[in-house]
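Colleague: The structure's right below; bear with me while I get my questions together.
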Amino acid sequence: MSELYRKISSNPFTISLDSIPVLDYAGFFDQTVLMMKDEAEHCAALYAVEMSGAPRLFCCLANDNDHCFRLYSTELPRERSTVPSLSKEIPQLHVFEREIHENYGVVFEGHPWLKPVRYPHYRADRTSVMDNYPFYSIEGEELHEVGVGPVHAGVIEPGHFRFICNGEKVLHLEIQLGYQHRAAEKLLSESRNGISRCVMCDNIVGDTAVGYALSYAQLIESLSGTLPATSLQIERCIALELERIAVHIGDTAALCADVAYQFGQVVCEALRTEIINTTQFWCGNRFGKGLVRPGGSNYMMNRKVVDKILQVLEDVGKRFAAISGRIYSLPSVLARFEDIGCVTRRQALDIGAVGMAARTCDVRRDIRWSHPFQYYGESSFEPLVFDTGDVLARGLLRAEEVRESTELIIELISAWNNLPAGNSGPDYNLSLSPDSFALSLVEGWRGEICHSAITDKSGNIIHYKIKDPSFHNWMALAIAVRQQEISDFPVCNKSFNLSYCGNDL
Amino acid sequence: MYKEIKILRQHGIQYVKDLRRQPVSELFRGRPVISADITGKEIEIVSSLCPSGAIDDKSGAIDLGRCVFCRECEFCLREKIRFTNDYRIACSRREDLVISPGVDTPLRFDGNVVREEIRKIFRRSLKLRQVSAGGDNSCEMELNAAGNVNFDLGRHGVEFVASPRHADGIVITGPVSANMAEALRLTYEAVPDPKVIILAGTDAISGGMYAASPAIDRRFIEEHHVDLYVPGNPAHPLTFINGILDLLSIA
């Protein structure tokens, strides 16, 4: 079979729609199966766009080893077509096919699990509602079901978890999402206002505001052929690493709280406060909302900010090393983390896990390294990998990534010091290249965030697509709790800390 | 044990002593001040630029219930609009969140509109249930932070609880997604009377950036009396805490 795709080596990238190969579905199917047998390949984007009456599917694969994207497409004959499902061959595509099915009514024949993803208001089947989700069930006198949510015990986002248990042991967990759906993609597709779109991207996933704003800014810059100044690229990387450090420390606090190690919790909470207050010192918002903009910045880094970051990182770095050393050497904590919620390497590859969830299962997958964006390609960054796939690995990876990101920021700052200061403000009216497809990946603290857009002949965005790392990784949580005590669910859940709003959009 | 003592020494004292007057960084985006001599033309420019429609195109007033604190109007018109770091912006009446040109005084919290039983019953203990209804998880994290080792709202007997049956009211975040509307209503109904409703964050107060979304359903908020509006994007823990202290009339 001849391979028909565009091979692209830059992130972000923009290419003209005409140049994307259009395969017939059989060719699309075979090529996808063939290429995805390579375990370094994972799906960065697979989505449908309504174009002249029928959906066109775009597929973009990302390869961890050769650092390239492969992009190709197919046209379905008509709306609500029935085509063979790829998920049978390539399980990680299950959620992408479910999404296309939900939005466009395309039926993927042989899909093992063609269930709703988020109940968007524009779904093809209006009879499918939150209340009639088709939960998997098992008959058996000794089994019982436990339903949790959508409103949870803590102050967190809504989602419904349905456990099938044998006594205390979880046989199966199914996660129903969609409660957070606000039609963010649709609003972004329809908006003609550059400021609105930026601010919207600050407000989709608040705990990853910098990651989302950066994915958007990169995409728009790529679509308009704008290259950000090196100093600005460095500043963006620093903001992204600060976000990573803050969340990882906060999650360490939460992990401690879930195993009743209050000392670890309060110390980490206080350290997280130091980091997010540094982000606030820089831009006036603890989550970095407003910090990243296309074409420039409203908050150029200056000497005062640099000094503050260095001073806080030195202090927090030391204190966090001390407390995390203590946390991960306490037998009472380790007993709750070690060998709990395991995901194997095979499982991680099969479900297409990304980001932290992949790196704790011996999968070297990190966009900062495989498809470097902004300044990462010039930095000495190397991904950290753990191989036990349990709660402990996800905790330790956080601790190690805090250390690594701290060192990285120091390196970035010394590179920044040698550069002339940039002073340009954002540009909200960049004109975008017409009839194009663009895609941008950013490695946020959870994993890769993908923003993609398609423009019409006047350069207006007509389709905007977002993929949060959680879109892949929710399945990892469902797998992790199998054969665990149900009482270990909170700590498993917290160890992934996946996004509800990022899935629901 | 020695290690823990050493960590504790480094940890030091973390709690904010005076929740009413804790300084925040200069750039924090709180209450805006609009110059009294802003012209009609300037108002037109900033109101059409505002991504959430928070600036009235006639009067030039900024509605903090709609403002997403992006500060773009200030960047556009630096000599006329300025966001101060005054974080005490929670109010008991929706209309008090509107800031007119020429006004540079702290927002007024009108205690007279607070129902008598709220202060009488909840002053020493207020347990809240949080419902995130389309929130982006930043407000939720700030509400968690309000109870953490730094802000320690628990010192005033205010806490988030795990069941509506244990709660005296609900705190809503997010623009209220249609898919969450029913769960929100059920949660509220499960809270025993009398009960309070608090809206935290601009999304909850007006829908924020999602006000025009076809996927939200704000009927619950339109149909119920709201006791406290806490603006912000997200609402800062100190904004939330000061609002609660005002609501309960705690000095």
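In the structure tokens, chains take the letters A, B, ... in the order shown, each chain's residues start at 1, and ligands count up from 1 in the order shown.
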Just want the 10 Å neighbourhood of Ala90 in chain B, counted on only C-alpha atoms, with same-chain residues fewer than 6 positions away dropped. Output as a list in words.

Modeller: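 Everything that qualifies: Leu64, Gly65, Asp96, Leu97, Leu107, Arg108, Phe109, Leu199, Ala200, Gly201, Leu228, Tyr229, Val230, Pro231, Gly232, Ala235, Leu238, Thr239, Phe240, Ile241, Asn242, Gly243, Ile244, Asp246 and Leu247 of chain B.
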
Colleague: As a ChimeraX atom specification, please: the residues near Ile7 in chain B (cut-off 12 Å, only C-alpha atoms, same-chain neighbours under 4 positions excluded).

Modeller: /A:263-264,266-268,271,316,318-327 /B:1-3,11-13

Colleague: Those residues you just picked out, can you put them in a file as an mmCIF file, in the first residue's frame with C-alpha atoms?

Modeller:
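Just written: result00.cif:
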data_model
loop_
_atom_site.group_PDB
_atom_site.id
_atom_site.type_symbol
_atom_site.label_atom_id
_atom_site.label_comp_id
_atom_site.auth_asym_id
_atom_site.auth_seq_id
_atom_site.Cartn_x
_atom_site.Cartn_y
_atom_site.Cartn_z
ATOM 1 C CA PHE A 263 1.736 17.557 57.755
ATOM 2 C CA GLY A 264 2.687 16.947 54.128
ATOM 3 C CA VAL A 266 -0.205 21.825 54.813
ATOM 4 C CA VAL A 267 3.471 22.271 54.002
ATOM 5 C CA CYS A 268 2.821 21.666 50.295
ATOM 6 C CA LEU A 271 4.569 26.104 49.001
ATOM 7 C CA VAL A 316 10.542 26.626 47.566
ATOM 8 C CA LYS A 318 14.752 23.510 49.061
ATOM 9 C CA ARG A 319 11.649 23.248 51.195
ATOM 10 C CA PHE A 320 9.808 21.056 48.702
ATOM 11 C CA ALA A 321 12.795 18.732 48.408
ATOM 12 C CA ALA A 322 12.770 18.346 52.186
ATOM 13 C CA ILE A 323 9.063 17.636 52.492
ATOM 14 C CA SER A 324 8.830 15.371 49.449
ATOM 15 C CA GLY A 325 11.826 13.422 50.723
ATOM 16 C CA ARG A 326 9.912 12.948 53.965
ATOM 17 C CA ILE A 327 6.600 12.058 52.286
ATOM 18 C CA MET B 1 11.050 13.353 63.867
ATOM 19 C CA TYR B 2 14.035 15.705 63.585
ATOM 20 C CA LYS B 3 13.340 16.050 59.881
ATOM 21 C CA HIS B 11 7.493 26.348 57.190
ATOM 22 C CA GLY B 12 7.199 29.041 59.841
ATOM 23 C CA ILE B 13 3.937 30.840 60.365
#

Colleague: Range 29-192 of chain B: which residues are strand (DSSP E) by DSSP, as a PDB file with all heavy atoms, in the first residue's frame?

Modeller:
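Output file selection_15.pdb is given in full below:
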ATOM      1  N   PRO B  32     -11.784  48.294  39.508  1.00  0.00           N
ATOM      2  CA  PRO B  32     -11.295  49.290  38.544  1.00  0.00           C
ATOM      3  C   PRO B  32     -11.743  50.697  38.896  1.00  0.00           C
ATOM      4  O   PRO B  32     -12.746  50.884  39.579  1.00  0.00           O
ATOM      5  CB  PRO B  32     -11.948  48.841  37.232  1.00  0.00           C
ATOM      6  CG  PRO B  32     -13.187  48.126  37.639  1.00  0.00           C
ATOM      7  CD  PRO B  32     -12.973  47.578  39.023  1.00  0.00           C
ATOM      8  N   VAL B  33     -10.969  51.662  38.435  1.00  0.00           N
ATOM      9  CA  VAL B  33     -11.354  53.067  38.571  1.00  0.00           C
ATOM     10  C   VAL B  33     -11.390  53.657  37.171  1.00  0.00           C
ATOM     11  O   VAL B  33     -10.440  53.534  36.408  1.00  0.00           O
ATOM     12  CB  VAL B  33     -10.326  53.837  39.437  1.00  0.00           C
ATOM     13  CG1 VAL B  33     -10.734  55.300  39.547  1.00  0.00           C
ATOM     14  CG2 VAL B  33     -10.205  53.207  40.809  1.00  0.00           C
ATOM     15  N   ILE B  34     -12.532  54.266  36.848  1.00  0.00           N
ATOM     16  CA  ILE B  34     -12.691  54.861  35.517  1.00  0.00           C
ATOM     17  C   ILE B  34     -12.687  56.370  35.694  1.00  0.00           C
ATOM     18  O   ILE B  34     -13.407  56.901  36.552  1.00  0.00           O
ATOM     19  CB  ILE B  34     -14.023  54.411  34.873  1.00  0.00           C
ATOM     20  CG1 ILE B  34     -14.164  52.891  34.980  1.00  0.00           C
ATOM     21  CG2 ILE B  34     -14.126  54.871  33.428  1.00  0.00           C
ATOM     22  CD1 ILE B  34     -15.558  52.434  35.281  1.00  0.00           C
ATOM     23  N   ILE B  62     -18.335  50.002  34.477  1.00  0.00           N
ATOM     24  CA  ILE B  62     -17.892  48.608  34.364  1.00  0.00           C
ATOM     25  C   ILE B  62     -18.684  47.757  35.358  1.00  0.00           C
ATOM     26  O   ILE B  62     -18.741  48.062  36.545  1.00  0.00           O
ATOM     27  CB  ILE B  62     -16.380  48.474  34.647  1.00  0.00           C
ATOM     28  CG1 ILE B  62     -15.570  49.252  33.613  1.00  0.00           C
ATOM     29  CG2 ILE B  62     -15.959  46.992  34.647  1.00  0.00           C
ATOM     30  CD1 ILE B  62     -14.066  49.129  33.762  1.00  0.00           C
ATOM     31  N   ASP B  63     -19.275  46.694  34.841  1.00  0.00           N
ATOM     32  CA  ASP B  63     -20.048  45.789  35.682  1.00  0.00           C
ATOM     33  C   ASP B  63     -19.135  44.635  36.104  1.00  0.00           C
ATOM     34  O   ASP B  63     -18.772  43.785  35.288  1.00  0.00           O
ATOM     35  CB  ASP B  63     -21.245  45.265  34.868  1.00  0.00           C
ATOM     36  CG  ASP B  63     -22.074  44.263  35.657  1.00  0.00           C
ATOM     37  OD1 ASP B  63     -21.707  43.951  36.810  1.00  0.00           O
ATOM     38  OD2 ASP B  63     -23.094  43.798  35.111  1.00  0.00           O
ATOM     39  N   ILE B  81      -8.589  54.332  32.433  1.00  0.00           N
ATOM     40  CA  ILE B  81      -9.065  53.180  33.199  1.00  0.00           C
ATOM     41  C   ILE B  81      -7.876  52.544  33.917  1.00  0.00           C
ATOM     42  O   ILE B  81      -6.798  52.389  33.333  1.00  0.00           O
ATOM     43  CB  ILE B  81      -9.748  52.133  32.290  1.00  0.00           C
ATOM     44  CG1 ILE B  81     -10.971  52.743  31.606  1.00  0.00           C
ATOM     45  CG2 ILE B  81     -10.157  50.895  33.089  1.00  0.00           C
ATOM     46  CD1 ILE B  81     -11.648  51.838  30.602  1.00  0.00           C
ATOM     47  N   ARG B  82      -8.105  52.179  35.182  1.00  0.00           N
ATOM     48  CA  ARG B  82      -7.013  51.607  35.968  1.00  0.00           C
ATOM     49  C   ARG B  82      -7.608  50.560  36.905  1.00  0.00           C
ATOM     50  O   ARG B  82      -8.577  50.830  37.608  1.00  0.00           O
ATOM     51  CB  ARG B  82      -6.369  52.745  36.771  1.00  0.00           C
ATOM     52  CG  ARG B  82      -5.250  52.369  37.702  1.00  0.00           C
ATOM     53  CD  ARG B  82      -4.594  53.648  38.249  1.00  0.00           C
ATOM     54  NE  ARG B  82      -5.563  54.514  38.924  1.00  0.00           N
ATOM     55  CZ  ARG B  82      -5.872  54.428  40.230  1.00  0.00           C
ATOM     56  NH1 ARG B  82      -5.304  53.544  40.991  1.00  0.00           N
ATOM     57  NH2 ARG B  82      -6.764  55.253  40.753  1.00  0.00           N
ATOM     58  N   PHE B  83      -7.056  49.359  36.863  1.00  0.00           N
ATOM     59  CA  PHE B  83      -7.493  48.328  37.817  1.00  0.00           C
ATOM     60  C   PHE B  83      -6.630  48.428  39.075  1.00  0.00           C
ATOM     61  O   PHE B  83      -5.416  48.324  39.005  1.00  0.00           O
ATOM     62  CB  PHE B  83      -7.382  46.935  37.198  1.00  0.00           C
ATOM     63  CG  PHE B  83      -8.566  46.581  36.346  1.00  0.00           C
ATOM     64  CD1 PHE B  83      -8.670  47.064  35.049  1.00  0.00           C
ATOM     65  CD2 PHE B  83      -9.606  45.807  36.853  1.00  0.00           C
ATOM     66  CE1 PHE B  83      -9.786  46.760  34.256  1.00  0.00           C
ATOM     67  CE2 PHE B  83     -10.720  45.502  36.078  1.00  0.00           C
ATOM     68  CZ  PHE B  83     -10.808  45.984  34.774  1.00  0.00           C
ATOM     69  N   VAL B  98     -21.721  47.442  39.873  1.00  0.00           N
ATOM     70  CA  VAL B  98     -21.497  48.313  38.720  1.00  0.00           C
ATOM     71  C   VAL B  98     -20.731  49.557  39.165  1.00  0.00           C
ATOM     72  O   VAL B  98     -21.163  50.275  40.071  1.00  0.00           O
ATOM     73  CB  VAL B  98     -22.841  48.710  38.067  1.00  0.00           C
ATOM     74  CG1 VAL B  98     -22.604  49.630  36.878  1.00  0.00           C
ATOM     75  CG2 VAL B  98     -23.601  47.460  37.642  1.00  0.00           C
ATOM     76  N   ILE B  99     -19.584  49.790  38.542  1.00  0.00           N
ATOM     77  CA  ILE B  99     -18.742  50.906  38.950  1.00  0.00           C
ATOM     78  C   ILE B  99     -18.777  51.990  37.885  1.00  0.00           C
ATOM     79  O   ILE B  99     -18.391  51.770  36.734  1.00  0.00           O
ATOM     80  CB  ILE B  99     -17.303  50.425  39.185  1.00  0.00           C
ATOM     81  CG1 ILE B  99     -17.315  49.442  40.362  1.00  0.00           C
ATOM     82  CG2 ILE B  99     -16.373  51.589  39.470  1.00  0.00           C
ATOM     83  CD1 ILE B  99     -15.990  48.835  40.659  1.00  0.00           C
ATOM     84  N   LEU B 126     -21.012  28.494  59.530  1.00  0.00           N
ATOM     85  CA  LEU B 126     -21.667  28.431  58.225  1.00  0.00           C
ATOM     86  C   LEU B 126     -21.023  27.307  57.422  1.00  0.00           C
ATOM     87  O   LEU B 126     -19.831  27.344  57.135  1.00  0.00           O
ATOM     88  CB  LEU B 126     -21.490  29.767  57.487  1.00  0.00           C
ATOM     89  CG  LEU B 126     -22.056  29.833  56.056  1.00  0.00           C
ATOM     90  CD1 LEU B 126     -23.576  29.729  56.054  1.00  0.00           C
ATOM     91  CD2 LEU B 126     -21.628  31.135  55.370  1.00  0.00           C
ATOM     92  N   LYS B 127     -21.817  26.285  57.135  1.00  0.00           N
ATOM     93  CA  LYS B 127     -21.280  25.152  56.378  1.00  0.00           C
ATOM     94  C   LYS B 127     -21.828  25.232  54.959  1.00  0.00           C
ATOM     95  O   LYS B 127     -23.028  25.407  54.753  1.00  0.00           O
ATOM     96  CB  LYS B 127     -21.706  23.814  57.002  1.00  0.00           C
ATOM     97  CG  LYS B 127     -21.333  23.695  58.475  1.00  0.00           C
ATOM     98  CD  LYS B 127     -19.824  23.669  58.682  1.00  0.00           C
ATOM     99  CE  LYS B 127     -19.495  23.768  60.170  1.00  0.00           C
ATOM    100  NZ  LYS B 127     -18.181  24.351  60.444  1.00  0.00           N
ATOM    101  N   LEU B 128     -20.929  25.113  53.997  1.00  0.00           N
ATOM    102  CA  LEU B 128     -21.322  25.336  52.610  1.00  0.00           C
ATOM    103  C   LEU B 128     -21.084  24.106  51.749  1.00  0.00           C
ATOM    104  O   LEU B 128     -20.157  23.346  51.966  1.00  0.00           O
ATOM    105  CB  LEU B 128     -20.521  26.509  52.041  1.00  0.00           C
ATOM    106  CG  LEU B 128     -20.773  27.845  52.728  1.00  0.00           C
ATOM    107  CD1 LEU B 128     -19.690  28.848  52.357  1.00  0.00           C
ATOM    108  CD2 LEU B 128     -22.154  28.393  52.365  1.00  0.00           C
ATOM    109  N   ARG B 129     -21.940  23.959  50.745  1.00  0.00           N
ATOM    110  CA  ARG B 129     -21.776  22.911  49.757  1.00  0.00           C
ATOM    111  C   ARG B 129     -21.412  23.606  48.467  1.00  0.00           C
ATOM    112  O   ARG B 129     -22.058  24.587  48.077  1.00  0.00           O
ATOM    113  CB  ARG B 129     -23.105  22.172  49.599  1.00  0.00           C
ATOM    114  CG  ARG B 129     -23.059  21.043  48.611  1.00  0.00           C
ATOM    115  CD  ARG B 129     -22.520  19.806  49.270  1.00  0.00           C
ATOM    116  NE  ARG B 129     -22.622  18.656  48.399  1.00  0.00           N
ATOM    117  CZ  ARG B 129     -21.569  17.977  47.943  1.00  0.00           C
ATOM    118  NH1 ARG B 129     -20.366  18.348  48.288  1.00  0.00           N
ATOM    119  NH2 ARG B 129     -21.742  16.929  47.183  1.00  0.00           N
ATOM    120  N   GLN B 130     -20.394  23.105  47.819  1.00  0.00           N
ATOM    121  CA  GLN B 130     -19.969  23.763  46.582  1.00  0.00           C
ATOM    122  C   GLN B 130     -20.488  22.990  45.378  1.00  0.00           C
ATOM    123  O   GLN B 130     -20.396  21.766  45.318  1.00  0.00           O
ATOM    124  CB  GLN B 130     -18.446  23.848  46.521  1.00  0.00           C
ATOM    125  CG  GLN B 130     -17.964  24.992  45.633  1.00  0.00           C
ATOM    126  CD  GLN B 130     -17.800  24.592  44.192  1.00  0.00           C
ATOM    127  OE1 GLN B 130     -17.329  23.507  43.899  1.00  0.00           O
ATOM    128  NE2 GLN B 130     -18.199  25.459  43.272  1.00  0.00           N
ATOM    129  N   VAL B 131     -21.058  23.709  44.426  1.00  0.00           N
ATOM    130  CA  VAL B 131     -21.490  23.081  43.183  1.00  0.00           C
ATOM    131  C   VAL B 131     -20.787  23.782  42.026  1.00  0.00           C
ATOM    132  O   VAL B 131     -20.950  24.979  41.806  1.00  0.00           O
ATOM    133  CB  VAL B 131     -23.018  23.180  42.972  1.00  0.00           C
ATOM    134  CG1 VAL B 131     -23.420  22.455  41.682  1.00  0.00           C
ATOM    135  CG2 VAL B 131     -23.763  22.608  44.154  1.00  0.00           C
ATOM    136  N   SER B 132     -19.966  23.020  41.328  1.00  0.00           N
ATOM    137  CA  SER B 132     -19.308  23.544  40.145  1.00  0.00           C
ATOM    138  C   SER B 132     -20.195  23.197  38.960  1.00  0.00           C
ATOM    139  O   SER B 132     -20.476  22.039  38.703  1.00  0.00           O
ATOM    140  CB  SER B 132     -17.935  22.897  39.991  1.00  0.00           C
ATOM    141  OG  SER B 132     -17.410  23.185  38.715  1.00  0.00           O
ATOM    142  N   VAL B 158     -16.397  28.745  59.075  1.00  0.00           N
ATOM    143  CA  VAL B 158     -16.945  28.582  57.722  1.00  0.00           C
ATOM    144  C   VAL B 158     -16.174  27.463  57.024  1.00  0.00           C
ATOM    145  O   VAL B 158     -14.951  27.508  56.945  1.00  0.00           O
ATOM    146  CB  VAL B 158     -16.821  29.892  56.913  1.00  0.00           C
ATOM    147  CG1 VAL B 158     -17.465  29.727  55.542  1.00  0.00           C
ATOM    148  CG2 VAL B 158     -17.455  31.040  57.683  1.00  0.00           C
ATOM    149  N   GLU B 159     -16.908  26.474  56.544  1.00  0.00           N
ATOM    150  CA  GLU B 159     -16.253  25.313  55.943  1.00  0.00           C
ATOM    151  C   GLU B 159     -17.095  24.752  54.802  1.00  0.00           C
ATOM    152  O   GLU B 159     -18.313  24.927  54.783  1.00  0.00           O
ATOM    153  CB  GLU B 159     -16.102  24.198  56.986  1.00  0.00           C
ATOM    154  CG  GLU B 159     -14.881  24.340  57.857  1.00  0.00           C
ATOM    155  CD  GLU B 159     -14.907  23.370  59.031  1.00  0.00           C
ATOM    156  OE1 GLU B 159     -15.951  22.734  59.291  1.00  0.00           O
ATOM    157  OE2 GLU B 159     -13.875  23.252  59.686  1.00  0.00           O
ATOM    158  N   PHE B 160     -16.409  24.041  53.911  1.00  0.00           N
ATOM    159  CA  PHE B 160     -17.119  23.296  52.874  1.00  0.00           C
ATOM    160  C   PHE B 160     -17.364  21.886  53.385  1.00  0.00           C
ATOM    161  O   PHE B 160     -16.471  21.270  53.961  1.00  0.00           O
ATOM    162  CB  PHE B 160     -16.313  23.278  51.574  1.00  0.00           C
ATOM    163  CG  PHE B 160     -16.296  24.617  50.902  1.00  0.00           C
ATOM    164  CD1 PHE B 160     -15.211  25.473  51.053  1.00  0.00           C
ATOM    165  CD2 PHE B 160     -17.382  25.048  50.162  1.00  0.00           C
ATOM    166  CE1 PHE B 160     -15.208  26.727  50.458  1.00  0.00           C
ATOM    167  CE2 PHE B 160     -17.386  26.301  49.562  1.00  0.00           C
ATOM    168  CZ  PHE B 160     -16.304  27.140  49.707  1.00  0.00           C
ATOM    169  N   GLY B 169     -25.970  26.200  52.939  1.00  0.00           N
ATOM    170  CA  GLY B 169     -26.119  26.953  51.699  1.00  0.00           C
ATOM    171  C   GLY B 169     -25.200  26.400  50.637  1.00  0.00           C
ATOM    172  O   GLY B 169     -24.420  25.477  50.894  1.00  0.00           O
ATOM    173  N   ILE B 170     -25.335  26.959  49.431  1.00  0.00           N
ATOM    174  CA  ILE B 170     -24.480  26.480  48.340  1.00  0.00           C
ATOM    175  C   ILE B 170     -23.663  27.627  47.751  1.00  0.00           C
ATOM    176  O   ILE B 170     -24.083  28.784  47.772  1.00  0.00           O
ATOM    177  CB  ILE B 170     -25.284  25.789  47.208  1.00  0.00           C
ATOM    178  CG1 ILE B 170     -26.355  26.711  46.639  1.00  0.00           C
ATOM    179  CG2 ILE B 170     -25.909  24.503  47.690  1.00  0.00           C
ATOM    180  CD1 ILE B 170     -27.028  26.152  45.397  1.00  0.00           C
ATOM    181  N   VAL B 171     -22.482  27.262  47.282  1.00  0.00           N
ATOM    182  CA  VAL B 171     -21.627  28.204  46.562  1.00  0.00           C
ATOM    183  C   VAL B 171     -21.535  27.691  45.136  1.00  0.00           C
ATOM    184  O   VAL B 171     -21.080  26.570  44.898  1.00  0.00           O
ATOM    185  CB  VAL B 171     -20.209  28.262  47.170  1.00  0.00           C
ATOM    186  CG1 VAL B 171     -19.346  29.256  46.392  1.00  0.00           C
ATOM    187  CG2 VAL B 171     -20.266  28.629  48.639  1.00  0.00           C
ATOM    188  N   ILE B 172     -21.990  28.505  44.193  1.00  0.00           N
ATOM    189  CA  ILE B 172     -22.005  28.070  42.793  1.00  0.00           C
ATOM    190  C   ILE B 172     -20.832  28.694  42.057  1.00  0.00           C
ATOM    191  O   ILE B 172     -20.554  29.885  42.195  1.00  0.00           O
ATOM    192  CB  ILE B 172     -23.327  28.489  42.110  1.00  0.00           C
ATOM    193  CG1 ILE B 172     -24.520  27.907  42.869  1.00  0.00           C
ATOM    194  CG2 ILE B 172     -23.350  28.056  40.641  1.00  0.00           C
ATOM    195  CD1 ILE B 172     -25.861  28.468  42.435  1.00  0.00           C
ATOM    196  N   THR B 173     -20.131  27.872  41.285  1.00  0.00           N
ATOM    197  CA  THR B 173     -19.117  28.385  40.372  1.00  0.00           C
ATOM    198  C   THR B 173     -19.490  27.940  38.963  1.00  0.00           C
ATOM    199  O   THR B 173     -20.163  26.934  38.786  1.00  0.00           O
ATOM    200  CB  THR B 173     -17.719  27.834  40.693  1.00  0.00           C
ATOM    201  OG1 THR B 173     -17.784  26.405  40.728  1.00  0.00           O
ATOM    202  CG2 THR B 173     -17.198  28.342  42.026  1.00  0.00           C
TER     203      THR B 173
END

Colleague: Might you pull out every residue within 9 Å of Glu42 in chain B, with only C-alpha atoms counted and same-chain residues fewer than 3 positions away left off, and present them as an mmCIF file with N, CA and C atoms, in the first residue's frame?

Modeller:
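Below you can see around14.cif, which holds the result:
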data_model
loop_
_atom_site.group_PDB
_atom_site.id
_atom_site.type_symbol
_atom_site.label_atom_id
_atom_site.label_comp_id
_atom_site.auth_asym_id
_atom_site.auth_seq_id
_atom_site.Cartn_x
_atom_site.Cartn_y
_atom_site.Cartn_z
ATOM 1 N N ILE B 38 -13.830 60.470 31.051
ATOM 2 C CA ILE B 38 -13.802 59.558 29.895
ATOM 3 C C ILE B 38 -14.836 60.065 28.874
ATOM 4 N N THR B 39 -14.427 60.131 27.613
ATOM 5 C CA THR B 39 -15.319 60.709 26.600
ATOM 6 C C THR B 39 -16.222 59.631 25.985
ATOM 7 N N ILE B 45 -15.110 52.901 22.235
ATOM 8 C CA ILE B 45 -13.976 52.027 21.888
ATOM 9 C C ILE B 45 -13.852 50.886 22.891
ATOM 10 N N VAL B 46 -13.784 51.220 24.190
ATOM 11 C CA VAL B 46 -13.536 50.150 25.169
ATOM 12 C C VAL B 46 -14.736 49.220 25.325
ATOM 13 N N SER B 47 -15.943 49.757 25.152
ATOM 14 C CA SER B 47 -17.087 48.862 25.331
ATOM 15 C C SER B 47 -17.183 47.867 24.172
ATOM 16 N N GLY B 60 -20.320 54.131 30.338
ATOM 17 C CA GLY B 60 -18.919 53.777 30.542
ATOM 18 C C GLY B 60 -18.682 53.038 31.847
ATOM 19 N N LEU B 77 -6.604 52.060 27.048
ATOM 20 C CA LEU B 77 -6.918 53.430 27.473
ATOM 21 C C LEU B 77 -6.318 53.690 28.860
ATOM 22 N N LYS B 80 -7.296 56.507 31.290
ATOM 23 C CA LYS B 80 -8.675 56.654 31.747
ATOM 24 C C LYS B 80 -9.174 55.494 32.607
#

Colleague: Could you list the residues in chain B lying within 8 Å of chain A, using only C-alpha atoms, and format the result as a PyMOL selection string?

Modeller: chain B and resi 3-4+7+10-11+14+25-29+49-52+70+75+130-141+143-144+148-150+160-163+177-180+183+209-210+213-216

Colleague: Take the residues just selected and output them with C-alpha atoms as a CSV table (one decimal), in the first residue's frame.

Modeller:
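Listed below is the output, out-v5.csv:
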chain,number,residue,atom,x,y,z
B,3,LYS,CA,13.3,16.1,59.9
B,4,GLU,CA,9.8,17.1,60.6
B,7,ILE,CA,10.6,21.3,58.0
B,10,GLN,CA,11.3,26.3,57.6
B,11,HIS,CA,7.5,26.3,57.2
B,14,GLN,CA,1.9,30.7,57.2
B,25,SER,CA,0.7,42.2,44.8
B,26,GLU,CA,0.4,45.5,43.1
B,27,LEU,CA,-0.7,44.1,39.8
B,28,PHE,CA,-3.6,42.1,41.2
B,29,ARG,CA,-6.6,42.9,39.2
B,49,LEU,CA,-13.4,45.8,22.8
B,50,CYS,CA,-14.5,44.3,26.1
B,51,PRO,CA,-14.7,40.5,25.5
B,52,SER,CA,-17.5,39.9,28.0
B,70,CYS,CA,-8.5,40.7,31.5
B,75,PHE,CA,-4.2,48.5,28.1
B,130,GLN,CA,-20.0,23.8,46.6
B,131,VAL,CA,-21.5,23.1,43.2
B,132,SER,CA,-19.3,23.5,40.1
B,133,ALA,CA,-21.6,24.0,37.2
B,134,GLY,CA,-19.4,24.5,34.1
B,135,GLY,CA,-16.6,26.2,36.1
B,136,ASP,CA,-13.1,26.1,34.7
B,137,ASN,CA,-11.6,24.8,38.0
B,138,SER,CA,-9.8,28.0,38.8
B,139,CYS,CA,-12.6,29.3,41.1
B,140,GLU,CA,-12.9,25.8,42.6
B,141,MET,CA,-9.2,25.8,43.4
B,143,LEU,CA,-12.4,28.2,47.1
B,144,ASN,CA,-10.2,25.3,48.3
B,148,ASN,CA,-6.0,26.2,53.3
B,149,VAL,CA,-3.2,26.8,55.8
B,150,ASN,CA,-2.7,30.4,54.5
B,160,PHE,CA,-17.1,23.3,52.9
B,161,VAL,CA,-18.9,20.1,53.7
B,162,ALA,CA,-19.4,16.8,51.8
B,163,SER,CA,-23.2,16.6,51.7
B,177,SER,CA,-24.0,24.4,32.0
B,178,ALA,CA,-27.3,23.0,30.8
B,179,ASN,CA,-25.9,19.5,31.6
B,180,MET,CA,-25.4,20.5,35.2
B,183,ALA,CA,-27.9,18.5,39.6
B,209,MET,CA,-17.2,34.5,28.7
B,210,TYR,CA,-19.9,31.9,28.3
B,213,SER,CA,-23.2,30.0,25.0
B,214,PRO,CA,-26.1,27.9,23.8
B,215,ALA,CA,-25.0,25.2,26.2
B,216,ILE,CA,-25.8,27.0,29.5
